[in-house]
>>> print(open('start_29.cif').read())   # mmCIF, C-alpha atoms
data_work
#
loop_
_atom_site.label_atom_id
_atom_site.label_comp_id
_atom_site.auth_asym_id
_atom_site.auth_seq_id
_atom_site.Cartn_x
_atom_site.Cartn_y
_atom_site.Cartn_z
CA MET A 268 24.13 266.56 46.49
CA LEU A 269 21.35 265.27 48.74
CA PRO A 270 19.86 261.99 47.50
CA GLY A 271 16.33 263.41 47.51
CA LEU A 272 17.45 266.22 45.21
CA ARG A 273 19.15 263.70 42.92
CA LEU A 274 15.93 261.72 42.67
CA ARG A 275 13.89 264.84 41.94
CA GLN A 276 16.29 265.86 39.17
CA VAL A 277 16.06 262.41 37.61
CA ARG A 278 12.24 262.54 37.73
CA GLU A 279 12.10 266.01 36.19
CA ARG A 280 14.63 265.03 33.52
CA LEU A 281 12.29 262.16 32.53
CA GLY A 282 9.32 264.52 32.43
CA LEU A 283 7.42 262.63 35.14
CA THR A 284 5.01 264.20 37.63
CA TYR A 285 4.27 262.96 41.14
CA ARG A 286 1.01 261.56 39.79
CA ASP A 287 2.85 259.67 37.02
CA VAL A 288 5.20 258.03 39.54
CA GLU A 289 2.31 257.08 41.84
CA ARG A 290 0.37 255.56 38.94
CA ALA A 291 3.41 253.59 37.79
CA SER A 292 3.97 252.31 41.33
CA TYR A 293 0.39 251.01 41.50
CA GLU A 294 0.93 249.12 38.25
CA LEU A 295 4.20 247.68 39.56
CA ALA A 296 2.56 246.62 42.84
CA ALA A 297 -0.26 244.91 40.95
CA ARG A 298 2.18 243.12 38.66
CA ARG A 299 4.35 241.94 41.56
CA GLY A 300 1.48 241.23 43.93
CA ARG A 301 2.89 243.33 46.79
CA PRO A 302 1.34 246.61 47.97
CA GLU A 303 4.70 247.64 49.50
CA PHE A 304 5.78 248.77 46.02
CA ILE A 305 3.16 251.54 45.99
CA LEU A 306 4.69 255.01 46.28
CA HIS A 307 2.11 257.62 47.26
CA ILE A 308 2.52 261.25 46.25
CA SER A 309 2.94 262.37 49.86
CA ARG A 310 5.74 259.85 50.46
CA LEU A 311 7.50 260.82 47.22
CA ALA A 312 7.38 264.47 48.26
CA ASP A 313 8.86 263.58 51.66
CA ILE A 314 11.67 261.62 49.99
CA GLU A 315 12.55 264.49 47.66
CA ASN A 316 12.13 267.44 50.03
CA ARG A 317 12.36 266.28 53.64
CA GLY A 318 15.19 263.77 53.60
CA VAL A 319 12.98 260.73 54.21
CA VAL A 320 14.82 257.50 53.32
CA PRO A 321 12.73 255.20 51.09
CA ALA A 322 11.99 251.71 52.35
CA LEU A 323 13.36 248.74 50.44
CA HIS A 324 10.36 248.20 48.15
CA LYS A 325 9.94 251.94 47.55
CA LEU A 326 13.59 252.16 46.56
CA TYR A 327 13.04 249.39 44.02
CA THR A 328 10.02 251.26 42.63
CA LEU A 329 12.08 254.43 42.20
CA ALA A 330 14.87 252.51 40.47
CA ALA A 331 12.43 250.76 38.12
CA VAL A 332 10.38 253.84 37.21
CA TYR A 333 13.42 256.13 36.86
CA ARG A 334 15.49 253.54 34.93
CA LEU A 335 18.21 253.63 37.58
CA ASN A 336 20.53 250.98 38.97
CA PRO A 337 19.32 250.27 42.54
CA LEU A 338 22.97 250.02 43.63
CA ASP A 339 23.49 253.65 42.59
CA ILE A 340 20.63 254.77 44.84
CA PHE A 341 22.21 252.79 47.69
CA ARG A 342 25.41 254.78 47.16
CA TRP A 343 23.50 258.09 47.14
CA TYR A 344 22.33 257.20 50.65
CA ASP A 345 25.90 256.38 51.72
CA VAL A 346 25.33 252.62 51.77
CA PRO A 347 28.71 251.24 50.54
CA ILE A 348 27.23 248.22 48.80
CA GLU A 349 30.56 247.33 47.15
CA GLU A 350 32.14 247.00 50.61
CA CYS A 351 29.54 244.54 51.91
CA PHE A 352 31.82 241.52 51.44
CA HIS A 353 34.74 243.17 53.28
CA ASP A 354 32.59 244.54 56.10
CA GLY A 355 31.11 241.08 56.59
CA MET A 356 34.55 239.55 56.91
CA SER A 357 35.25 241.81 59.90
CA CYS A 358 32.60 239.85 61.82
CA PRO A 359 33.76 236.21 62.13
CA VAL A 360 31.06 233.59 62.68
CA PRO A 361 31.49 230.16 64.27
CA ARG A 362 29.88 227.88 61.69
CA THR A 363 30.90 226.99 58.13
CA HIS A 364 28.54 228.38 55.47
CA LEU A 365 28.14 229.59 51.90
CA MET A 366 28.52 233.34 51.35
CA ALA A 367 27.81 235.92 48.68
CA ALA A 368 30.68 236.77 46.36
CA PRO A 369 32.29 240.24 46.42
CA THR A 370 30.90 242.68 43.88
CA SER A 371 34.44 243.62 42.87
CA LEU A 372 38.00 242.59 43.59
CA ARG A 373 41.15 244.72 43.58
CA ILE A 374 43.82 243.23 41.32
CA PRO A 375 47.07 244.42 39.73
CA ILE A 376 46.65 245.95 36.27
CA LYS A 377 50.19 247.04 35.47
CA PHE A 378 53.45 245.64 36.89
CA ASP A 379 56.80 247.33 37.35
CA PRO A 380 59.12 246.58 34.38
CA ALA A 381 61.53 244.92 36.84
CA PHE A 382 58.92 242.40 37.96
CA ASP A 383 60.06 238.81 37.47
CA PRO A 384 57.24 236.27 37.97
CA ARG A 385 59.82 233.56 38.74
CA ARG A 386 60.98 235.34 41.92
CA THR A 387 59.26 235.75 45.26
CA GLU A 388 58.60 239.46 45.85
CA PHE A 389 56.45 241.93 47.76
CA LEU A 390 53.55 242.34 45.34
CA SER A 391 52.78 245.85 46.59
CA ARG A 392 56.23 246.99 45.47
CA MET A 393 55.93 245.46 42.02
CA VAL A 394 52.52 246.86 41.02
CA GLU A 395 52.38 250.23 39.27
CA LYS A 396 48.60 250.34 38.88
CA TRP A 397 45.70 248.63 40.66
CA GLY A 398 42.17 248.22 39.35
CA ASN A 399 38.86 246.50 40.02
CA PHE A 400 37.52 243.57 38.05
CA GLU A 401 33.96 242.40 38.58
CA GLY A 402 33.91 238.72 39.54
CA VAL A 403 37.55 238.24 38.54
CA LEU A 404 37.79 234.82 40.20
CA THR A 405 34.49 233.39 38.97
CA ASN A 406 34.47 235.10 35.54
CA GLY A 407 30.72 235.46 35.94
CA HIS A 408 30.31 231.69 36.11
CA ARG A 409 27.01 231.00 37.83
CA HIS A 410 28.29 227.68 39.20
CA GLN A 411 30.99 229.33 41.32
CA PHE A 412 30.31 229.91 45.02
CA TYR A 413 32.18 231.25 48.00
CA GLY A 414 32.31 229.30 51.25
CA TYR A 415 33.42 230.46 54.68
CA ILE A 416 35.09 228.13 57.21
CA GLY A 417 33.62 228.88 60.63
CA THR A 418 35.88 229.88 63.50
CA SER A 419 34.78 226.78 65.42
CA ASP A 420 35.31 224.43 62.46
CA ARG A 421 38.76 222.83 62.92
CA ARG A 422 38.10 219.62 61.03
CA MET A 423 40.74 220.32 58.40
CA MET A 424 43.33 222.07 60.59
CA PRO A 425 46.08 222.86 59.82
CA LEU A 426 45.48 222.44 56.07
CA LEU A 427 42.29 224.51 56.05
CA ARG A 428 42.26 227.09 58.84
CA PRO A 429 39.18 228.52 60.58
CA GLY A 430 38.17 231.85 59.04
CA SER A 431 39.34 230.82 55.56
CA ILE A 432 37.40 231.61 52.40
CA VAL A 433 37.11 228.90 49.76
CA LEU A 434 36.09 229.11 46.11
CA VAL A 435 33.72 226.28 45.19
CA ASP A 436 33.02 224.97 41.69
CA GLY A 437 29.38 223.90 41.80
CA SER A 438 29.61 222.16 38.44
CA VAL A 439 31.75 219.39 39.99
CA ARG A 440 29.42 217.47 42.29
CA LYS A 441 30.90 213.99 42.03
CA ILE A 442 33.45 212.83 44.61
CA ASP A 443 36.76 211.88 43.00
CA ASP A 444 39.32 210.78 45.60
CA GLY A 445 41.66 208.66 43.53
CA ASP A 446 44.09 210.90 41.65
CA TRP A 447 46.39 212.50 44.25
CA THR A 448 49.82 211.89 45.77
CA THR A 449 50.04 214.36 48.70
CA GLU A 450 47.49 215.80 51.07
CA HIS A 451 47.84 219.17 49.33
CA ASP A 452 46.74 217.59 46.05
CA ARG A 453 43.84 215.64 47.55
CA PRO A 454 40.57 217.25 46.40
CA MET A 455 38.34 218.91 48.98
CA TYR A 456 34.60 219.36 48.68
CA PHE A 457 31.94 221.62 50.18
CA VAL A 458 28.96 219.59 51.42
CA GLU A 459 25.66 220.54 53.01
CA LEU A 460 24.38 218.30 55.81
CA ARG A 461 21.13 218.54 57.72
CA ASN A 462 22.75 220.53 60.53
CA GLY A 463 25.14 222.71 58.52
CA TYR A 464 28.01 222.66 56.05
CA ARG A 465 31.28 220.71 55.98
CA CYS A 466 34.38 221.38 53.91
CA GLY A 467 37.21 218.91 53.48
CA TRP A 468 38.08 215.41 52.30
CA PHE A 469 35.27 213.04 51.40
CA LEU A 470 34.83 209.43 50.33
CA GLN A 471 31.68 208.07 48.73
CA GLU A 472 30.59 204.45 48.69
CA GLY A 473 27.27 204.22 46.91
CA SER A 474 24.92 206.57 48.75
CA ARG A 475 27.17 206.63 51.83
CA LEU A 476 29.26 209.82 52.10
CA VAL A 477 32.09 209.97 54.63
CA MET A 478 34.02 213.08 55.68
CA GLN A 479 37.60 212.37 56.76
CA PRO A 480 39.01 215.19 58.94
CA HIS A 481 42.71 215.97 58.88
CA PRO A 482 44.56 213.59 61.26
CA LEU A 483 46.13 216.50 63.18
CA ALA A 484 42.71 218.02 63.89
CA HIS A 485 41.79 215.08 66.18
CA CYS A 486 38.16 215.13 65.01
CA LEU A 487 35.97 212.11 64.35
CA PRO A 488 34.85 211.17 60.82
CA GLU A 489 31.23 211.87 59.90
CA THR A 490 28.89 210.03 57.58
CA GLY A 491 25.58 210.70 55.84
CA ARG A 492 23.44 209.37 53.03
CA VAL A 493 23.19 211.14 49.65
CA PRO A 494 20.81 212.78 48.91
CA ASP A 495 18.64 212.34 52.04
CA GLU A 496 21.20 213.51 54.61
CA ALA A 497 23.92 215.18 52.52
CA GLU A 498 24.21 217.24 49.35
CA ILE A 499 27.49 217.89 47.52
CA VAL A 500 27.66 221.64 46.76
CA GLY A 501 30.88 221.41 44.74
CA ARG A 502 34.63 220.97 44.67
CA VAL A 503 37.00 223.47 46.33
CA THR A 504 39.21 225.15 43.73
CA GLY A 505 40.81 227.96 45.75
CA VAL A 506 41.56 229.01 49.33
CA VAL A 507 42.25 232.39 50.95
CA THR A 508 43.41 232.19 54.55
CA ARG A 509 44.96 234.22 57.37
CA LEU A 510 47.93 232.98 59.36
CA ASN A 511 48.59 233.16 63.11
CA GLU A 512 45.03 234.15 64.04
CA PRO A 513 43.87 233.12 67.56
CA GLU A 514 41.30 230.70 66.16
CA ASN A 515 44.06 228.92 64.22
CA VAL A 516 45.79 227.65 67.35
CA LEU A 517 45.40 223.91 67.18
CA ASN A 518 43.15 222.52 69.88
CA ARG A 519 43.75 218.85 70.51
CA GLU A 520 40.30 218.28 71.95
CA PRO A 521 37.81 216.74 69.49
CA GLN A 522 35.68 219.50 67.94
CA GLU A 523 31.94 219.12 67.69
CA GLU A 524 29.47 221.86 66.91
CA PRO A 525 26.39 222.31 69.10
CA GLY A 526 23.53 220.15 67.98
CA ASP A 527 25.77 217.96 65.84
CA SER A 528 23.72 214.78 65.62
CA ASN A 529 25.28 213.22 62.52
CA LYS A 530 26.11 209.57 62.60
CA ARG A 531 29.73 208.82 63.48
CA VAL A 532 31.92 206.27 61.83
CA PRO A 533 33.25 203.83 64.47
#
>>> encode(input="start_29.cif", output="structure tokens")
Amino acid sequence: MLPGLRLRQVRERLGLTYRDVERASYELAARRGRPEFILHISRLADIENRGVVPALHKLYTLAAVYRLNPLDIFRWYDVPIEECFHDGMSCPVPRTHLMAAPTSLRIPIKFDPAFDPRRTEFLSRMVEKWGNFEGVLTNGHRHQFYGYIGTSDRRMMPLLRPGSIVLVDGSVRKIDDGDWTTEHDRPMYFVELRNGYRCGWFLQEGSRLVMQPHPLAHCLPETGRVPDEAEIVGRVTGVVTRLNEPENVLNREPQEEPGDSNKRVP
């Protein structure tokens, strides 16, 4: 069904006329202080009957007045909003940054009766049924963030590869570097500096924050002052990575991003 026809059916089901929708849009625009929310009768008619795609603010007005989920209207116009995370991952970017979490994640719901969690297996062969859980990793926790390790960020190679996705617990914003025995147990943190983000090992001495790159990455340590030059976003609690990608080939030249003017530790 065409999206314009869907919207018309919803309007008629609610018993609203074009004039009612226009009047409601004026009230919404006045309440929000933005005239872009106004939906004139002529524009509404074009949306319903001539295939005109509503602009962003008009779409919000329709969703609000018709009691619809805006994401449903996106889907009516063939905008796969639930695939935004995956489509974004197909376009690697050079710099490390925070990123929006996926709207849903595909996880196993039912395992084959022969599945033994103690054995290493192909997961695809052991799952009888897959399903989607909203925010399965974060459990809706508002302090959980996703970070992306830029393709030019090799500071933690080979432990943390370029192009990796990290799960960050924003409720842990204090550096604790004392309770670990191997490099795999050493806590990593996601930190925002003036010229971008860093992810890896950190030491803090008073207000002085020092990032220690992995020795095999052949990068120089960096330092900044908290909170003027650096802000701790949170502690890394999970990593998803790809192996044998071109950007994961270890480059023995020291890596430095363009415009990197942070102080260096001698």
>>> closest_residue(input="start_29.cif", among="A:Gly505, A:Pro359, A:Gly271, A:Pro454", to="Arg440 in chain A", atoms="only C-alpha atoms")
A:Pro454
>>> residues_around(input="start_29.cif", residues="His324 in chain A", least_positions_apart="6", cutoff="10 Å", atoms="all atoms listed in the file", output="VMD selection string")
chain A and resid 296 301 to 306 330
>>> resolve_selection(input="start_29.cif", expression="the PyMOL selection byres ((chain A and resi 491) around 6)", output="list in words")
Arg475, Leu476, Thr490, Arg492, Glu496 and Ala497 of chain A
>>> write_last_selection(input="start_29.cif", atoms="C-alpha atoms", output="compact mmCIF listing (two decimals), in the frame of the given file")
# COMPACT_ATOMS: atom_id res chain seq x y z
CA ARG A 475 27.17 206.63 51.83
CA LEU A 476 29.26 209.82 52.10
CA THR A 490 28.89 210.03 57.58
CA ARG A 492 23.44 209.37 53.03
CA GLU A 496 21.20 213.51 54.61
CA ALA A 497 23.92 215.18 52.52
>>> atom_distance(input="start_29.cif", atom1="CA of Val458 in chain A", atom2="CA of Val360 in chain A")
18.1 Å
>>> atom_distance(input="start_29.cif", atom1="CA of Asp345 in chain A", atom2="CA of Leu269 in chain A")
10.4 Å
>>> resolve_selection(input="start_29.cif", expression="the PyMOL selection byres ((chain A and resi 287) around 12)", output="VMD selection string")
chain A and resid 278 to 279 281 to 286 288 to 294 306 to 308 311 329 332 to 333
>>> closest_residue(input="start_29.cif", among="A:Glu315, A:Pro270, A:Gly355, A:Val435", to="Phe341 in chain A", atoms="only C-alpha atoms")
A:Pro270
>>> atom_distance(input="start_29.cif", atom1="CA of Arg342 in chain A", atom2="CA of Pro321 in chain A")
13.3 Å
>>> closest_residue(input="start_29.cif", among="A:Pro482, A:Pro337, A:Pro425, A:Gly414", to="Pro369 in chain A", atoms="only C-alpha atoms")
A:Gly414
>>> residues_near_point(input="start_29.cif", point="(37.4, 219.2, 43.1)", cutoff="10 Å", atoms="all atoms listed in the file", output="mmCIF file with C-alpha atoms, in the coordinates of the input")
data_model
loop_
_atom_site.group_PDB
_atom_site.id
_atom_site.type_symbol
_atom_site.label_atom_id
_atom_site.label_comp_id
_atom_site.auth_asym_id
_atom_site.auth_seq_id
_atom_site.Cartn_x
_atom_site.Cartn_y
_atom_site.Cartn_z
ATOM 1 C CA VAL A 435 33.720 226.280 45.190
ATOM 2 C CA ASP A 436 33.020 224.970 41.690
ATOM 3 C CA GLY A 437 29.380 223.900 41.800
ATOM 4 C CA SER A 438 29.610 222.160 38.440
ATOM 5 C CA VAL A 439 31.750 219.390 39.990
ATOM 6 C CA ARG A 440 29.420 217.470 42.290
ATOM 7 C CA LYS A 441 30.900 213.990 42.030
ATOM 8 C CA ILE A 442 33.450 212.830 44.610
ATOM 9 C CA ASP A 443 36.760 211.880 43.000
ATOM 10 C CA ASP A 444 39.320 210.780 45.600
ATOM 11 C CA ASP A 452 46.740 217.590 46.050
ATOM 12 C CA ARG A 453 43.840 215.640 47.550
ATOM 13 C CA PRO A 454 40.570 217.250 46.400
ATOM 14 C CA MET A 455 38.340 218.910 48.980
ATOM 15 C CA TYR A 456 34.600 219.360 48.680
ATOM 16 C CA PHE A 457 31.940 221.620 50.180
ATOM 17 C CA TRP A 468 38.080 215.410 52.300
ATOM 18 C CA GLY A 501 30.880 221.410 44.740
ATOM 19 C CA ARG A 502 34.630 220.970 44.670
ATOM 20 C CA VAL A 503 37.000 223.470 46.330
ATOM 21 C CA THR A 504 39.210 225.150 43.730
ATOM 22 C CA GLY A 505 40.810 227.960 45.750
#
>>> closest_residue(input="start_29.cif", among="A:Leu272, A:Met356, A:Met393, A:Cys466", to="Tyr344 in chain A", atoms="only C-alpha atoms")
A:Leu272
>>> residues_around(input="start_29.cif", residues="Met478 in chain A", least_positions_apart="6", cutoff="8 Å", atoms="only C-alpha atoms", output="ChimeraX atom specification")
/A:467-470,488-490
>>> write_last_selection(input="start_29.cif", atoms="C-alpha atoms", output="PDB file, in the frame of the given file")
ATOM      1  CA  GLY A 467      37.210 218.910  53.480  1.00  0.00           C
ATOM      2  CA  TRP A 468      38.080 215.410  52.300  1.00  0.00           C
ATOM      3  CA  PHE A 469      35.270 213.040  51.400  1.00  0.00           C
ATOM      4  CA  LEU A 470      34.830 209.430  50.330  1.00  0.00           C
ATOM      5  CA  PRO A 488      34.850 211.170  60.820  1.00  0.00           C
ATOM      6  CA  GLU A 489      31.230 211.870  59.900  1.00  0.00           C
ATOM      7  CA  THR A 490      28.890 210.030  57.580  1.00  0.00           C
TER       8      THR A 490
END
>>> axis_aligned_box(input="start_29.cif", around="range 281-291 of chain A", padding_each_side="6 Å", output="AutoDock Vina command-line options")
--center_x 6.3 --center_y 259.1 --center_z 37.1 --size_x 23.9 --size_y 22.9 --size_z 21.4
>>> decode(input="start_29.cif", residues="range 495-508 of chain A", atoms="all heavy atoms", output="PDB file, in the first residue's frame")
ATOM      1  N   ASP A 495      40.091  19.727  31.779  1.00  0.00           N
ATOM      2  CA  ASP A 495      40.267  20.786  30.776  1.00  0.00           C
ATOM      3  C   ASP A 495      40.596  20.237  29.394  1.00  0.00           C
ATOM      4  O   ASP A 495      40.118  20.763  28.379  1.00  0.00           O
ATOM      5  CB  ASP A 495      41.376  21.753  31.222  1.00  0.00           C
ATOM      6  CG  ASP A 495      41.019  22.479  32.510  1.00  0.00           C
ATOM      7  OD1 ASP A 495      39.814  22.663  32.757  1.00  0.00           O
ATOM      8  OD2 ASP A 495      41.939  22.849  33.257  1.00  0.00           O
ATOM      9  N   GLU A 496      41.413  19.194  29.323  1.00  0.00           N
ATOM     10  CA  GLU A 496      41.873  18.675  28.037  1.00  0.00           C
ATOM     11  C   GLU A 496      41.383  17.261  27.740  1.00  0.00           C
ATOM     12  O   GLU A 496      41.529  16.788  26.608  1.00  0.00           O
ATOM     13  CB  GLU A 496      43.402  18.685  27.989  1.00  0.00           C
ATOM     14  CG  GLU A 496      44.011  20.059  28.174  1.00  0.00           C
ATOM     15  CD  GLU A 496      45.526  20.006  28.323  1.00  0.00           C
ATOM     16  OE1 GLU A 496      46.069  18.912  28.587  1.00  0.00           O
ATOM     17  OE2 GLU A 496      46.158  21.070  28.191  1.00  0.00           O
ATOM     18  N   ALA A 497      40.814  16.586  28.728  1.00  0.00           N
ATOM     19  CA  ALA A 497      40.385  15.205  28.537  1.00  0.00           C
ATOM     20  C   ALA A 497      39.171  14.905  29.415  1.00  0.00           C
ATOM     21  O   ALA A 497      39.066  15.409  30.532  1.00  0.00           O
ATOM     22  CB  ALA A 497      41.522  14.235  28.876  1.00  0.00           C
ATOM     23  N   GLU A 498      38.276  14.086  28.880  1.00  0.00           N
ATOM     24  CA  GLU A 498      37.097  13.650  29.630  1.00  0.00           C
ATOM     25  C   GLU A 498      36.948  12.143  29.483  1.00  0.00           C
ATOM     26  O   GLU A 498      36.943  11.616  28.363  1.00  0.00           O
ATOM     27  CB  GLU A 498      35.830  14.334  29.127  1.00  0.00           C
ATOM     28  CG  GLU A 498      34.577  13.894  29.866  1.00  0.00           C
ATOM     29  CD  GLU A 498      33.313  14.536  29.329  1.00  0.00           C
ATOM     30  OE1 GLU A 498      33.423  15.409  28.449  1.00  0.00           O
ATOM     31  OE2 GLU A 498      32.220  14.162  29.791  1.00  0.00           O
ATOM     32  N   ILE A 499      36.833  11.438  30.600  1.00  0.00           N
ATOM     33  CA  ILE A 499      36.684   9.982  30.582  1.00  0.00           C
ATOM     34  C   ILE A 499      35.222   9.645  30.283  1.00  0.00           C
ATOM     35  O   ILE A 499      34.330   9.952  31.078  1.00  0.00           O
ATOM     36  CB  ILE A 499      37.116   9.370  31.921  1.00  0.00           C
ATOM     37  CG1 ILE A 499      38.568   9.750  32.229  1.00  0.00           C
ATOM     38  CG2 ILE A 499      36.961   7.851  31.901  1.00  0.00           C
ATOM     39  CD1 ILE A 499      38.996   9.425  33.654  1.00  0.00           C
ATOM     40  N   VAL A 500      34.966   9.025  29.131  1.00  0.00           N
ATOM     41  CA  VAL A 500      33.605   8.653  28.745  1.00  0.00           C
ATOM     42  C   VAL A 500      33.156   7.430  29.518  1.00  0.00           C
ATOM     43  O   VAL A 500      32.015   7.347  29.975  1.00  0.00           O
ATOM     44  CB  VAL A 500      33.526   8.394  27.228  1.00  0.00           C
ATOM     45  CG1 VAL A 500      32.122   7.940  26.829  1.00  0.00           C
ATOM     46  CG2 VAL A 500      33.923   9.648  26.448  1.00  0.00           C
ATOM     47  N   GLY A 501      34.038   6.433  29.668  1.00  0.00           N
ATOM     48  CA  GLY A 501      33.681   5.235  30.409  1.00  0.00           C
ATOM     49  C   GLY A 501      34.673   4.112  30.182  1.00  0.00           C
ATOM     50  O   GLY A 501      35.658   4.261  29.452  1.00  0.00           O
ATOM     51  N   ARG A 502      34.411   2.995  30.821  1.00  0.00           N
ATOM     52  CA  ARG A 502      35.278   1.823  30.720  1.00  0.00           C
ATOM     53  C   ARG A 502      34.760   0.863  29.651  1.00  0.00           C
ATOM     54  O   ARG A 502      33.552   0.642  29.530  1.00  0.00           O
ATOM     55  CB  ARG A 502      35.341   1.105  32.068  1.00  0.00           C
ATOM     56  CG  ARG A 502      36.208  -0.149  32.077  1.00  0.00           C
ATOM     57  CD  ARG A 502      36.389  -0.677  33.474  1.00  0.00           C
ATOM     58  NE  ARG A 502      37.096  -1.973  33.487  1.00  0.00           N
ATOM     59  CZ  ARG A 502      37.578  -2.555  34.578  1.00  0.00           C
ATOM     60  NH1 ARG A 502      37.426  -1.967  35.746  1.00  0.00           N
ATOM     61  NH2 ARG A 502      38.198  -3.712  34.504  1.00  0.00           N
ATOM     62  N   VAL A 503      35.672   0.282  28.873  1.00  0.00           N
ATOM     63  CA  VAL A 503      35.317  -0.671  27.828  1.00  0.00           C
ATOM     64  C   VAL A 503      34.965  -2.007  28.469  1.00  0.00           C
ATOM     65  O   VAL A 503      35.754  -2.563  29.248  1.00  0.00           O
ATOM     66  CB  VAL A 503      36.474  -0.840  26.818  1.00  0.00           C
ATOM     67  CG1 VAL A 503      36.142  -1.928  25.796  1.00  0.00           C
ATOM     68  CG2 VAL A 503      36.749   0.480  26.110  1.00  0.00           C
ATOM     69  N   THR A 504      33.777  -2.526  28.135  1.00  0.00           N
ATOM     70  CA  THR A 504      33.325  -3.794  28.714  1.00  0.00           C
ATOM     71  C   THR A 504      33.146  -4.893  27.673  1.00  0.00           C
ATOM     72  O   THR A 504      32.887  -6.050  28.024  1.00  0.00           O
ATOM     73  CB  THR A 504      31.993  -3.600  29.453  1.00  0.00           C
ATOM     74  OG1 THR A 504      31.011  -3.068  28.545  1.00  0.00           O
ATOM     75  CG2 THR A 504      32.167  -2.642  30.624  1.00  0.00           C
ATOM     76  N   GLY A 505      33.253  -4.556  26.392  1.00  0.00           N
ATOM     77  CA  GLY A 505      33.095  -5.562  25.344  1.00  0.00           C
ATOM     78  C   GLY A 505      33.703  -5.080  24.045  1.00  0.00           C
ATOM     79  O   GLY A 505      33.813  -3.878  23.805  1.00  0.00           O
ATOM     80  N   VAL A 506      34.124  -6.030  23.210  1.00  0.00           N
ATOM     81  CA  VAL A 506      34.757  -5.709  21.927  1.00  0.00           C
ATOM     82  C   VAL A 506      34.234  -6.653  20.850  1.00  0.00           C
ATOM     83  O   VAL A 506      34.151  -7.867  21.068  1.00  0.00           O
ATOM     84  CB  VAL A 506      36.306  -5.836  21.999  1.00  0.00           C
ATOM     85  CG1 VAL A 506      36.922  -5.526  20.640  1.00  0.00           C
ATOM     86  CG2 VAL A 506      36.876  -4.926  23.069  1.00  0.00           C
ATOM     87  N   VAL A 507      33.871  -6.090  19.703  1.00  0.00           N
ATOM     88  CA  VAL A 507      33.558  -6.876  18.509  1.00  0.00           C
ATOM     89  C   VAL A 507      34.541  -6.457  17.441  1.00  0.00           C
ATOM     90  O   VAL A 507      34.703  -5.256  17.165  1.00  0.00           O
ATOM     91  CB  VAL A 507      32.120  -6.625  18.022  1.00  0.00           C
ATOM     92  CG1 VAL A 507      31.843  -7.406  16.737  1.00  0.00           C
ATOM     93  CG2 VAL A 507      31.115  -7.026  19.092  1.00  0.00           C
ATOM     94  N   THR A 508      35.223  -7.419  16.828  1.00  0.00           N
ATOM     95  CA  THR A 508      36.278  -7.073  15.875  1.00  0.00           C
ATOM     96  C   THR A 508      36.254  -8.007  14.684  1.00  0.00           C
ATOM     97  O   THR A 508      35.679  -9.096  14.732  1.00  0.00           O
ATOM     98  CB  THR A 508      37.661  -7.127  16.556  1.00  0.00           C
ATOM     99  OG1 THR A 508      38.635  -6.570  15.688  1.00  0.00           O
ATOM    100  CG2 THR A 508      38.049  -8.559  16.893  1.00  0.00           C
TER     101      THR A 508
END
